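Step one of this worksheet: look at the structure below.
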Amino acid sequence: MEKTKRLNHYSIEDVIEICNMTVVKDCIYLAQWVNTPIENLSAAQLEILHELPDEYNENAIGWNEEELKMLFISPIFRIANVNERGKLRTFFERSLSGKVNDIQISVVVDCMIATPTKAARPASPYFFLQDGPSSRYKRTKGDTHDAEGQMLAAMILAQDMNHDGYPLYGCWVQGKNWYFTVLNGVEYCVSRQFDATREPDLLQIIFILRKLKALILARL
């Protein structure tokens, strides 16, 4: 038997089993992150926010994953203002690979937040987002399109790369539904579903991302 194991399809079940993760329901890091208060937005930001649910409901049936990311997810990140010059930057479609406990991991990350190098490349990653189309088009778990499995694999690899003892943050998106996650050691937890076509949830998503920025900057 070969010593190195490989994650080929990145189903969430396989990632949890092969990487020996423990799924927990109560996680203080997740609670502190997602239960963040909603504050005021500017008039321009509110105008964009009000348009997003209609944009999704009118067009999402024909969107592929790239269109979902560029036309729906990216404006949310823009409003959340997660970048910090010289300290934090959002990266899209970046490859990440390495070996953790003799398990070979190689993923293309839809979106990550990481510290940038002087050459504007990702250095230490702290947050990963993987997206997929709406549920009617989403493939079954167990194939290469399992957004949650790909996201967790990237988090496991980043945790080993950073080697700083801090939790890793993630989010997997299925159409309009967002699920926030935290990986702390071998413990993995997932938030409730946030429906980004409902304005209260959309506002909460924006301020969860803003809280993420504060949490990451506090450790740098």
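Lettering and numbering for the structure tokens are positional, with chains as A, B, ... in the shown order, residues counted from 1 in each chain, and ligands counted from 1 in the shown order.
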Excluding segment 51-67 of chain A and any residue of its chain fewer than 4 positions from it, enumerate the residues within 12 Å of it, using only C-alpha atoms, and give them as a compact mmCIF listing (two decimals) with all heavy atoms, in the first residue's frame.
```txt
# COMPACT_ATOMS: atom_id res chain seq x y z
N ALA A 44 -24.94 54.24 -1.07
CA ALA A 44 -24.48 53.54 -2.27
C ALA A 44 -24.40 52.04 -2.04
O ALA A 44 -24.78 51.24 -2.91
CB ALA A 44 -23.12 54.09 -2.70
N GLN A 45 -23.93 51.64 -0.87
CA GLN A 45 -23.84 50.22 -0.55
C GLN A 45 -25.23 49.60 -0.43
O GLN A 45 -25.46 48.49 -0.90
CB GLN A 45 -23.06 50.03 0.76
CG GLN A 45 -21.58 50.35 0.63
CD GLN A 45 -20.88 50.40 1.96
OE1 GLN A 45 -21.49 50.72 2.99
NE2 GLN A 45 -19.59 50.07 1.97
N LEU A 46 -26.15 50.32 0.18
CA LEU A 46 -27.52 49.82 0.32
C LEU A 46 -28.20 49.67 -1.03
O LEU A 46 -28.99 48.73 -1.24
CB LEU A 46 -28.33 50.76 1.22
CG LEU A 46 -28.04 50.68 2.72
CD1 LEU A 46 -28.75 51.80 3.46
CD2 LEU A 46 -28.45 49.32 3.28
N GLU A 47 -27.88 50.57 -1.97
CA GLU A 47 -28.47 50.47 -3.30
C GLU A 47 -28.04 49.18 -3.99
O GLU A 47 -28.87 48.48 -4.60
CB GLU A 47 -28.05 51.68 -4.14
CG GLU A 47 -28.69 51.70 -5.52
CD GLU A 47 -28.32 52.93 -6.32
OE1 GLU A 47 -27.61 53.80 -5.78
OE2 GLU A 47 -28.73 53.01 -7.50
N LEU A 71 -20.99 37.80 -10.44
CA LEU A 71 -22.16 38.67 -10.46
C LEU A 71 -22.90 38.73 -9.13
O LEU A 71 -23.71 39.66 -8.93
CB LEU A 71 -23.13 38.19 -11.55
CG LEU A 71 -22.56 38.23 -12.97
CD1 LEU A 71 -23.54 37.61 -13.96
CD2 LEU A 71 -22.22 39.65 -13.39
N PHE A 72 -22.64 37.79 -8.24
CA PHE A 72 -23.38 37.76 -6.96
C PHE A 72 -22.45 37.78 -5.75
O PHE A 72 -22.64 38.58 -4.83
CB PHE A 72 -24.28 36.53 -6.94
CG PHE A 72 -25.28 36.53 -5.82
CD1 PHE A 72 -26.30 37.46 -5.79
CD2 PHE A 72 -25.21 35.58 -4.81
CE1 PHE A 72 -27.23 37.46 -4.75
CE2 PHE A 72 -26.14 35.57 -3.78
CZ PHE A 72 -27.15 36.51 -3.75
N ILE A 73 -21.44 36.94 -5.76
CA ILE A 73 -20.56 36.85 -4.60
C ILE A 73 -19.60 38.04 -4.53
O ILE A 73 -19.41 38.64 -3.46
CB ILE A 73 -19.78 35.52 -4.61
CG1 ILE A 73 -20.75 34.34 -4.46
CG2 ILE A 73 -18.73 35.49 -3.51
CD1 ILE A 73 -20.10 32.98 -4.59
N SER A 74 -19.01 38.42 -5.66
CA SER A 74 -18.03 39.51 -5.66
C SER A 74 -18.59 40.83 -5.16
O SER A 74 -17.93 41.52 -4.38
CB SER A 74 -17.43 39.68 -7.06
OG SER A 74 -16.62 38.59 -7.40
N PRO A 75 -19.81 41.24 -5.56
CA PRO A 75 -20.36 42.48 -5.00
C PRO A 75 -20.53 42.43 -3.48
O PRO A 75 -20.38 43.45 -2.80
CB PRO A 75 -21.71 42.62 -5.71
CG PRO A 75 -21.55 41.87 -6.98
CD PRO A 75 -20.67 40.71 -6.65
N ILE A 76 -20.85 41.26 -2.96
CA ILE A 76 -20.99 41.12 -1.50
C ILE A 76 -19.64 41.37 -0.83
O ILE A 76 -19.55 42.09 0.18
CB ILE A 76 -21.55 39.73 -1.15
CG1 ILE A 76 -23.01 39.63 -1.61
CG2 ILE A 76 -21.44 39.46 0.36
CD1 ILE A 76 -23.61 38.24 -1.46
N ILE A 79 -18.85 45.14 -0.86
CA ILE A 79 -19.54 45.89 0.19
C ILE A 79 -18.91 45.60 1.56
O ILE A 79 -18.76 46.49 2.40
CB ILE A 79 -21.05 45.55 0.22
CG1 ILE A 79 -21.71 46.00 -1.09
CG2 ILE A 79 -21.74 46.21 1.41
CD1 ILE A 79 -23.16 45.55 -1.22
N PHE A 92 -8.66 35.13 -6.12
CA PHE A 92 -9.59 34.23 -6.79
C PHE A 92 -8.84 33.24 -7.67
O PHE A 92 -7.82 33.56 -8.28
CB PHE A 92 -10.59 35.02 -7.66
CG PHE A 92 -11.53 35.88 -6.87
CD1 PHE A 92 -11.23 37.21 -6.62
CD2 PHE A 92 -12.71 35.37 -6.35
CE1 PHE A 92 -12.09 38.02 -5.89
CE2 PHE A 92 -13.58 36.17 -5.62
CZ PHE A 92 -13.27 37.49 -5.39
N GLU A 93 -9.39 32.02 -7.74
CA GLU A 93 -8.87 30.97 -8.63
C GLU A 93 -7.37 30.75 -8.44
O GLU A 93 -6.58 30.84 -9.38
CB GLU A 93 -9.18 31.32 -10.09
CG GLU A 93 -10.65 31.30 -10.44
CD GLU A 93 -11.28 29.92 -10.28
OE1 GLU A 93 -10.66 28.93 -10.70
OE2 GLU A 93 -12.39 29.85 -9.72
N ASP A 110 -11.63 28.79 -5.10
CA ASP A 110 -12.46 29.80 -5.75
C ASP A 110 -12.15 31.19 -5.21
O ASP A 110 -12.05 32.15 -5.96
CB ASP A 110 -13.95 29.50 -5.53
CG ASP A 110 -14.41 28.29 -6.34
OD1 ASP A 110 -13.77 28.00 -7.37
OD2 ASP A 110 -15.39 27.66 -5.94
N CYS A 111 -12.01 31.29 -3.90
CA CYS A 111 -11.74 32.58 -3.27
C CYS A 111 -11.02 32.34 -1.95
O CYS A 111 -11.38 31.42 -1.21
CB CYS A 111 -13.05 33.34 -3.04
SG CYS A 111 -12.89 34.85 -2.07
N GLN A 130 -15.65 28.35 -1.32
CA GLN A 130 -15.90 27.57 -2.53
C GLN A 130 -17.38 27.71 -2.88
O GLN A 130 -18.24 27.69 -2.00
CB GLN A 130 -15.57 26.10 -2.32
CG GLN A 130 -14.10 25.80 -2.09
CD GLN A 130 -13.23 26.03 -3.32
OE1 GLN A 130 -12.26 26.77 -3.26
NE2 GLN A 130 -13.56 25.39 -4.41
N ASP A 131 -17.66 27.89 -4.16
CA ASP A 131 -19.04 28.10 -4.56
C ASP A 131 -19.49 27.03 -5.53
O ASP A 131 -18.69 26.38 -6.20
CB ASP A 131 -19.21 29.48 -5.20
CG ASP A 131 -18.51 29.59 -6.55
OD1 ASP A 131 -19.13 29.22 -7.56
OD2 ASP A 131 -17.36 30.05 -6.60
N GLY A 132 -20.80 26.87 -5.59
CA GLY A 132 -21.42 25.95 -6.54
C GLY A 132 -22.73 26.54 -7.01
O GLY A 132 -23.25 27.48 -6.41
N PRO A 133 -23.31 26.03 -8.09
CA PRO A 133 -24.57 26.56 -8.61
C PRO A 133 -25.73 26.21 -7.69
O PRO A 133 -25.56 25.54 -6.68
CB PRO A 133 -24.70 25.87 -9.97
CG PRO A 133 -23.95 24.59 -9.79
CD PRO A 133 -22.80 24.90 -8.86
N SER A 134 -26.90 26.70 -8.04
CA SER A 134 -28.08 26.44 -7.23
C SER A 134 -28.34 24.94 -7.12
O SER A 134 -27.89 24.15 -7.94
CB SER A 134 -29.31 27.14 -7.83
OG SER A 134 -29.56 26.64 -9.12
N SER A 135 -29.09 24.54 -6.13
CA SER A 135 -29.24 23.13 -5.78
C SER A 135 -29.80 22.29 -6.93
O SER A 135 -29.48 21.12 -7.05
CB SER A 135 -30.15 22.99 -4.56
OG SER A 135 -31.42 23.57 -4.81
N ARG A 136 -30.61 22.87 -7.79
CA ARG A 136 -31.20 22.06 -8.86
C ARG A 136 -30.14 21.62 -9.88
O ARG A 136 -30.34 20.68 -10.62
CB ARG A 136 -32.31 22.82 -9.57
CG ARG A 136 -31.85 23.96 -10.46
CD ARG A 136 -33.01 24.62 -11.18
NE ARG A 136 -33.85 25.34 -10.24
CZ ARG A 136 -34.97 25.95 -10.60
NH1 ARG A 136 -35.38 25.91 -11.85
NH2 ARG A 136 -35.68 26.60 -9.71
N TYR A 137 -29.01 22.32 -9.91
CA TYR A 137 -27.94 21.96 -10.83
C TYR A 137 -26.73 21.38 -10.12
O TYR A 137 -25.80 20.91 -10.76
CB TYR A 137 -27.49 23.18 -11.65
CG TYR A 137 -28.59 23.70 -12.53
CD1 TYR A 137 -29.13 24.95 -12.32
CD2 TYR A 137 -29.12 22.91 -13.55
CE1 TYR A 137 -30.16 25.42 -13.12
CE2 TYR A 137 -30.15 23.38 -14.36
CZ TYR A 137 -30.66 24.63 -14.14
OH TYR A 137 -31.68 25.09 -14.92
N LYS A 138 -26.73 21.40 -8.79
CA LYS A 138 -25.56 20.92 -8.07
C LYS A 138 -25.45 19.41 -8.20
O LYS A 138 -26.42 18.70 -8.03
CB LYS A 138 -25.63 21.30 -6.59
CG LYS A 138 -24.37 20.90 -5.83
CD LYS A 138 -24.31 21.59 -4.50
CE LYS A 138 -23.09 21.15 -3.72
NZ LYS A 138 -21.85 21.60 -4.34
N HIS A 145 -17.06 18.50 -7.65
CA HIS A 145 -17.78 19.75 -7.49
C HIS A 145 -18.37 19.90 -6.09
O HIS A 145 -19.24 20.74 -5.88
CB HIS A 145 -18.88 19.86 -8.56
CG HIS A 145 -18.35 20.05 -9.94
ND1 HIS A 145 -18.28 21.28 -10.55
CD2 HIS A 145 -17.85 19.16 -10.82
CE1 HIS A 145 -17.76 21.15 -11.76
NE2 HIS A 145 -17.50 19.87 -11.95
N ALA A 147 -18.43 21.58 -3.13
CA ALA A 147 -17.82 22.82 -2.66
C ALA A 147 -17.37 22.72 -1.20
O ALA A 147 -16.29 23.21 -0.84
CB ALA A 147 -18.81 23.97 -2.82
N VAL A 173 -20.73 28.02 -0.60
CA VAL A 173 -21.93 28.67 -1.13
C VAL A 173 -22.57 27.74 -2.15
O VAL A 173 -21.91 27.26 -3.07
CB VAL A 173 -21.57 30.01 -1.80
CG1 VAL A 173 -22.82 30.66 -2.40
CG2 VAL A 173 -20.90 30.95 -0.80
N GLN A 174 -23.85 27.49 -1.96
CA GLN A 174 -24.62 26.71 -2.93
C GLN A 174 -25.76 27.58 -3.41
O GLN A 174 -26.78 27.73 -2.75
CB GLN A 174 -25.15 25.43 -2.30
CG GLN A 174 -25.92 24.55 -3.29
CD GLN A 174 -26.36 23.24 -2.66
OE1 GLN A 174 -25.69 22.70 -1.81
NE2 GLN A 174 -27.51 22.75 -3.09
N GLY A 175 -25.53 28.20 -4.58
CA GLY A 175 -26.54 29.12 -5.09
C GLY A 175 -26.69 30.31 -4.17
O GLY A 175 -25.74 31.05 -3.91
N LYS A 176 -27.87 30.50 -3.63
CA LYS A 176 -28.14 31.64 -2.74
C LYS A 176 -27.80 31.35 -1.29
O LYS A 176 -27.83 32.26 -0.45
CB LYS A 176 -29.63 32.01 -2.84
CG LYS A 176 -30.56 30.90 -2.33
CD LYS A 176 -32.01 31.30 -2.49
CE LYS A 176 -32.94 30.20 -1.94
NZ LYS A 176 -34.35 30.61 -2.00
N ASN A 177 -27.47 30.10 -0.97
CA ASN A 177 -27.28 29.70 0.42
C ASN A 177 -25.81 29.69 0.82
O ASN A 177 -24.98 29.11 0.13
CB ASN A 177 -27.89 28.31 0.65
CG ASN A 177 -29.39 28.30 0.40
OD1 ASN A 177 -30.09 29.22 0.79
ND2 ASN A 177 -29.87 27.27 -0.27
N ASP A 195 -29.56 32.67 3.78
CA ASP A 195 -30.15 32.85 2.46
C ASP A 195 -29.87 34.28 1.98
O ASP A 195 -30.47 35.23 2.47
CB ASP A 195 -31.66 32.59 2.52
CG ASP A 195 -32.35 32.71 1.17
OD1 ASP A 195 -31.75 33.27 0.23
OD2 ASP A 195 -33.51 32.25 1.07
N ALA A 196 -28.97 34.42 1.02
CA ALA A 196 -28.53 35.75 0.57
C ALA A 196 -29.58 36.48 -0.25
O ALA A 196 -29.35 37.63 -0.64
CB ALA A 196 -27.23 35.63 -0.22
N THR A 197 -30.73 35.87 -0.54
CA THR A 197 -31.81 36.59 -1.21
C THR A 197 -32.78 37.20 -0.20
O THR A 197 -33.71 37.90 -0.59
CB THR A 197 -32.58 35.68 -2.18
OG1 THR A 197 -33.20 34.61 -1.44
CG2 THR A 197 -31.66 35.11 -3.25
N ARG A 198 -32.56 36.92 1.07
CA ARG A 198 -33.33 37.55 2.15
C ARG A 198 -32.48 38.66 2.75
O ARG A 198 -31.36 38.42 3.18
CB ARG A 198 -33.70 36.54 3.24
CG ARG A 198 -34.64 35.43 2.78
CD ARG A 198 -34.99 34.50 3.93
NE ARG A 198 -35.70 35.19 5.00
CZ ARG A 198 -35.17 35.52 6.18
NH1 ARG A 198 -33.91 35.22 6.46
NH2 ARG A 198 -35.88 36.14 7.09
N GLU A 199 -33.00 39.86 2.77
CA GLU A 199 -32.18 41.01 3.18
C GLU A 199 -31.60 40.88 4.58
O GLU A 199 -30.43 41.23 4.79
CB GLU A 199 -32.97 42.31 3.05
CG GLU A 199 -32.08 43.54 3.24
CD GLU A 199 -32.73 44.81 2.75
OE1 GLU A 199 -33.24 44.83 1.61
OE2 GLU A 199 -32.73 45.80 3.51
N PRO A 200 -32.34 40.38 5.58
CA PRO A 200 -31.71 40.23 6.90
C PRO A 200 -30.50 39.31 6.88
O PRO A 200 -29.47 39.61 7.50
CB PRO A 200 -32.85 39.65 7.77
CG PRO A 200 -34.09 40.08 7.09
CD PRO A 200 -33.78 40.05 5.62
N ASP A 201 -30.60 38.19 6.15
CA ASP A 201 -29.46 37.28 6.05
C ASP A 201 -28.33 37.89 5.24
O ASP A 201 -27.15 37.72 5.56
CB ASP A 201 -29.90 35.96 5.41
CG ASP A 201 -30.52 35.00 6.41
OD1 ASP A 201 -30.73 35.39 7.57
OD2 ASP A 201 -30.80 33.84 6.02
N LEU A 202 -28.67 38.61 4.17
CA LEU A 202 -27.65 39.24 3.34
C LEU A 202 -26.87 40.28 4.14
O LEU A 202 -25.63 40.35 4.05
CB LEU A 202 -28.29 39.89 2.11
CG LEU A 202 -27.36 40.57 1.11
CD1 LEU A 202 -26.26 39.64 0.64
CD2 LEU A 202 -28.15 41.12 -0.08
N LEU A 203 -27.56 41.06 4.93
CA LEU A 203 -26.88 42.01 5.81
C LEU A 203 -25.97 41.29 6.79
O LEU A 203 -24.83 41.71 7.04
CB LEU A 203 -27.90 42.85 6.57
CG LEU A 203 -28.48 44.06 5.84
CD1 LEU A 203 -29.69 44.60 6.60
CD2 LEU A 203 -27.43 45.15 5.67
```
(request) For Gly149 of chain A, work out the shell of residues within 7 Å, counting only C-alpha atoms and skipping chain neighbours fewer than 5 positions away, then give it as a list in words. (result) Tyr10, Ser11, Ile12 and Val15 of chain A
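Of the residues under consideration (A:Gln159, A:Asn81, A:Ser42, A:Asn35), A:Gln159 shows the shortest atom-to-atom contact distance to Phe127 of chain A when counting only C-alpha atoms.
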(request) Going by DSSP on the backbone, which bits of segment 24-123 of chain A are alpha helix (DSSP H)? Write them as an NGL selection string, please. (result) :A and (28-34 or 43-59 or 65-68 or 74-80)
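The nearest approach to Met161 of chain A among the residues A:Leu217, A:Leu96, A:Val190, A:Val23, with only C-alpha atoms taken into account, belongs to A:Leu96.
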(message) According to DSSP computed on the backbone, where in chain A is there strand (DSSP E)? Give the residues as an MDAnalysis selection string.
(response) chainID A and resid 5:6 22:23 89:100 103:116 122:132 168:174 177:184 187:190 194:195
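Residue nearest Cys19 of chain A within the list A:Ile103, A:Leu183, A:Leu129, A:Val108: A:Ile103 [criterion: smallest interatomic distance, only C-alpha atoms].
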(message) Quick check, in Å to one decimal: how far apart do atom CA of Tyr169 of chain A and atom CA of Arg94 of chain A lie?
(response) 16.9 Å
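When atom CA of Arg121 of chain A is paired with atom CA of Arg219 of chain A, their separation reads 19.8 Å.
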(request) Quick one: pull the distance between atom CA of Tyr179 of chain A and atom CA of Pro125 of chain A, Å, one decimal. (result) 18.9 Å
For Pro122 of chain A, find every residue with an atom within 9 Å (counting only C-alpha atoms), except residues of its own chain fewer than 3 positions away, and show them as a compact mmCIF listing (two decimals) with N, CA and C atoms, in the first residue's frame.
```txt
# COMPACT_ATOMS: atom_id res chain seq x y z
N ARG A 89 -5.71 40.58 1.46
CA ARG A 89 -6.20 40.74 0.09
C ARG A 89 -7.04 39.52 -0.27
N THR A 90 -8.03 39.75 -1.12
CA THR A 90 -8.86 38.67 -1.65
C THR A 90 -8.26 38.16 -2.95
N PHE A 91 -8.11 36.84 -3.05
CA PHE A 91 -7.56 36.19 -4.24
C PHE A 91 -8.61 35.23 -4.81
N ARG A 94 -6.97 30.45 -7.22
CA ARG A 94 -5.57 30.17 -6.91
C ARG A 94 -5.39 28.70 -6.56
N MET A 112 -9.99 33.13 -1.67
CA MET A 112 -9.33 33.06 -0.38
C MET A 112 -8.96 34.46 0.07
N ILE A 113 -8.88 34.64 1.38
CA ILE A 113 -8.34 35.87 1.96
C ILE A 113 -7.03 35.51 2.62
N ALA A 114 -5.97 36.19 2.21
CA ALA A 114 -4.63 35.85 2.67
C ALA A 114 -3.79 37.11 2.78
N THR A 115 -2.69 37.01 3.51
CA THR A 115 -1.71 38.08 3.49
C THR A 115 -1.03 38.06 2.13
N PRO A 116 -0.72 39.23 1.57
CA PRO A 116 -0.08 39.26 0.25
C PRO A 116 1.43 39.38 0.35
N THR A 117 2.12 38.82 -0.64
CA THR A 117 3.55 39.05 -0.77
C THR A 117 3.75 40.40 -1.47
N ALA A 119 4.94 40.76 -4.25
CA ALA A 119 4.58 40.52 -5.66
C ALA A 119 3.09 40.28 -5.83
N PRO A 125 -2.81 32.04 4.08
CA PRO A 125 -4.27 32.12 3.91
C PRO A 125 -5.01 31.88 5.23
```
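Here the question is which of A:Ile38, A:Leu215, A:Met155, A:Ile205 gets nearest to Glu187 of chain A using only C-alpha atoms, and that residue is A:Met155.
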